[in-house]
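Colleague: Take this structure first; my questions come after.
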Amino acid sequence: MRNSGKKVPAKPSGEPLPLSETVEMAAGNANTRAYLMLKQAVLSGRFRPQQTITQRMVTELLGLGEMPAREALKRLIAEGAFTAMPNRSARVPLLDRRDILQLCELRILLESKAAFLAAENVTLHQIEGLRAMNQRMDACDTKGDLQEYKQLNMDFHFAIYRIADNQHLAMLIETLWLRMAPFISRTINWAASISGRFEVLRASGHGALLTAFQHRDAEGARRAMILDLSEIHETEGYWDALDEGPEEANA
């Protein structure tokens with residue numbers, strides 16, 4: 001991205017800047033920009049469990065030089081997104097079943113609360129924005145573009161957390177996403193590999209969230225977010241696929 005020299009307009013109260021715009025504002029600070037760009041890559045599911053992340057890989061991904069890449073990698077290691085490895089490299093953590101269940105339980109608690117708050121705050125304009133993102137996700141499903149789907153899924157969820165207008169809650173949710181995003185990405189890959197499975201999962205939570213927001217139904221939004229986050233665990237074959245290991249699941 002290029003710094004145009006123009007001031008980025010402030011968002012209305014209760015609507016913090018999306019991460020992509022925050023990256024644009026940080027254009028004059030290469031270290032901060034690199035950190036935000038790498039964080040966005042993690043959150044949008046670009047890495048898989050147990051993947052080795054080298055400084056050279058990060059430098060090429062970000063295009064901002066070795067020093068910013070090194071600092072970004074160090075910050076995300078400190079935040080738990082990566083595990084430090086020798087020679088300034090890192091690795092995406094592999095979560096076991098207990099880790100996943102514990103993190104998912106926390107996600108359900110926090111993100112359902114965020115959906116509840118968002119339903120109380122949401123405007124018609126914001127609902128239309130969420131609906132447009134969901135329609136683009138449907139298009140990704142049709143054309144088989146899983147990476148764009150993952151990016152839009154992150155955008156959809158984080159838009160809800162911004163609308164909730166609770167910065168402390170949003171920070172806790174982001175911390176959980178940094179740990180879970182590679183696993184979420186792997187789960188989407190698995191669901192998309194089985195005929196009919198992905199379509200059923202896609203149709204469950206987001207539509208119910210949009211309906212709840214349209215009716216300003218805070219309790220309905222809370223239930224819809226719980227459905228969106230938990231239904232995959234009840235899907236036949238889910239835990240068997242998890243036990244196969246990251247190589248098979250990401251094939």
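By order of appearance in the structure tokens: chains A, B, ..., then residues from 1 within every chain, and ligands from 1 in the order shown.
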Hey, what's within 12 Å of Ala224 of chain A if we count only C-alpha atoms and toss same-chain stuff fewer than 3 positions away? As a count of residues only, please?

Modeller: 29

Colleague: How would you write, as a ChimeraX atom specification, the set of residues in segment 9-199 of chain A that DSSP gives as strand (DSSP E)?

Modeller: /A:52-53,83-84,90-91

Colleague: Would you export the selected residues with N, CA and C atoms as an mmCIF file, in the first residue's frame, please?

Modeller:
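Wrote it out as part27.cif, contents follow:
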data_model
loop_
_atom_site.group_PDB
_atom_site.id
_atom_site.type_symbol
_atom_site.label_atom_id
_atom_site.label_comp_id
_atom_site.auth_asym_id
_atom_site.auth_seq_id
_atom_site.Cartn_x
_atom_site.Cartn_y
_atom_site.Cartn_z
ATOM 1 N N THR A 52 6.298 -23.986 9.142
ATOM 2 C CA THR A 52 7.481 -23.223 9.525
ATOM 3 C C THR A 52 7.445 -21.866 8.826
ATOM 4 N N ILE A 53 7.666 -20.809 9.598
ATOM 5 C CA ILE A 53 7.637 -19.440 9.082
ATOM 6 C C ILE A 53 9.046 -18.868 9.207
ATOM 7 N N THR A 83 5.343 -19.959 17.464
ATOM 8 C CA THR A 83 6.300 -20.447 18.453
ATOM 9 C C THR A 83 7.708 -20.212 17.913
ATOM 10 N N ALA A 84 8.596 -19.673 18.734
ATOM 11 C CA ALA A 84 9.961 -19.370 18.286
ATOM 12 C C ALA A 84 10.719 -20.654 17.972
ATOM 13 N N ALA A 90 10.078 -19.388 12.947
ATOM 14 C CA ALA A 90 8.989 -19.652 13.883
ATOM 15 C C ALA A 90 8.141 -20.782 13.317
ATOM 16 N N ARG A 91 7.223 -21.259 14.123
ATOM 17 C CA ARG A 91 6.324 -22.317 13.673
ATOM 18 C C ARG A 91 4.920 -22.011 14.162
#

Colleague: Give me the residues within 9 Å of Cys104 of chain A as a PDB file with C-alpha atoms, in the first residue's frame, counting only C-alpha atoms and dropping any in the same chain fewer than 3 places off.

Modeller:
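Output saved as selection.pdb:
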ATOM      1  CA  ASP A  99      -6.590 -26.897  23.361  1.00  0.00           C
ATOM      2  CA  ILE A 100      -9.238 -26.620  20.662  1.00  0.00           C
ATOM      3  CA  LEU A 101     -12.146 -27.318  22.990  1.00  0.00           C
ATOM      4  CA  ARG A 107     -14.635 -17.957  21.727  1.00  0.00           C
ATOM      5  CA  ILE A 108     -18.271 -18.912  22.199  1.00  0.00           C
ATOM      6  CA  LEU A 109     -18.483 -16.995  25.467  1.00  0.00           C
ATOM      7  CA  LEU A 176      -8.108 -16.026  20.595  1.00  0.00           C
ATOM      8  CA  MET A 180      -7.211 -20.319  16.345  1.00  0.00           C
ATOM      9  CA  LEU A 229     -19.012 -21.330  16.185  1.00  0.00           C
ATOM     10  CA  SER A 230     -20.146 -24.685  17.533  1.00  0.00           C
TER      11      SER A 230
END

Colleague: Using DSSP secondary structure from the backbone, list all helix (DSSP H, G or I) positions within segment 7-215 of chain A, as a PyMOL selection string.

Modeller: chain A and resi 19-28+30-43+55-62+66-78+97-121+124-143+146-164+167-192+197-202+205-214

Colleague: Could you check the closest approach to Ser89 of chain A for each of A:Leu73, A:Leu117, A:Ala41, A:Ile163 and tell me which residue wins, using only C-alpha atoms?

Modeller: A:Leu73

Colleague: For Ala170 of chain A, list every protein, DNA or RNA residue within 8 Å, evaluated using only C-alpha atoms, and leave out those in the same chain fewer than 4 positions away; present the list as a ChimeraX atom specification.

Modeller: /A:114,161-162,166,174

Colleague: Deliver the residues from the most recent selection as a file, using N, CA and C atoms, as a compact mmCIF listing (two decimals), in the first residue's frame.

Modeller:
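Output file part-v8.txt is given in full below:
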# COMPACT_ATOMS: atom_id res chain seq x y z
N ALA A 114 -20.32 -10.43 22.09
CA ALA A 114 -20.11 -9.37 21.10
C ALA A 114 -21.28 -9.29 20.13
N TYR A 161 -17.58 -7.45 15.70
CA TYR A 161 -16.92 -7.11 16.96
C TYR A 161 -16.66 -5.61 17.06
N ARG A 162 -16.44 -4.95 15.92
CA ARG A 162 -16.33 -3.49 15.94
C ARG A 162 -17.67 -2.84 16.29
N ASN A 166 -16.95 -2.53 22.13
CA ASN A 166 -16.32 -2.84 23.42
C ASN A 166 -14.87 -3.21 23.11
N GLU A 174 -9.57 -10.99 19.55
CA GLU A 174 -8.47 -11.02 18.59
C GLU A 174 -7.35 -11.96 19.07

Colleague: Using Å and a single decimal, report how far atom CA of Arg88 of chain A sits from atom CA of Arg56 of chain A.

Modeller: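 If I compute the distance from atom CA of Arg56 of chain A to atom CA of Arg88 of chain A, I get 9.6 Å.
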
Colleague: Just to confirm, what's the straight-line distance from atom CA of Arg70 of chain A to atom CA of Ala34 of chain A in Å (one decimal)?

Modeller: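 Here the two named atoms are 9.1 Å from each other.
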
Colleague: Could you tell me which of A:Gln55, A:Thr123, A:Asn29, A:Asn87 comes closest to Gln214 of chain A if we count only C-alpha atoms?

Modeller: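 Residue with the minimum atom-to-atom distance to Gln214 of chain A: A:Thr123.
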
Colleague: Just the number, please: distance in Å from atom CA of Met85 of chain A to atom CA of Glu105 of chain A, one decimal.

Modeller: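 Computing it gives 28.9 Å between the two atoms.
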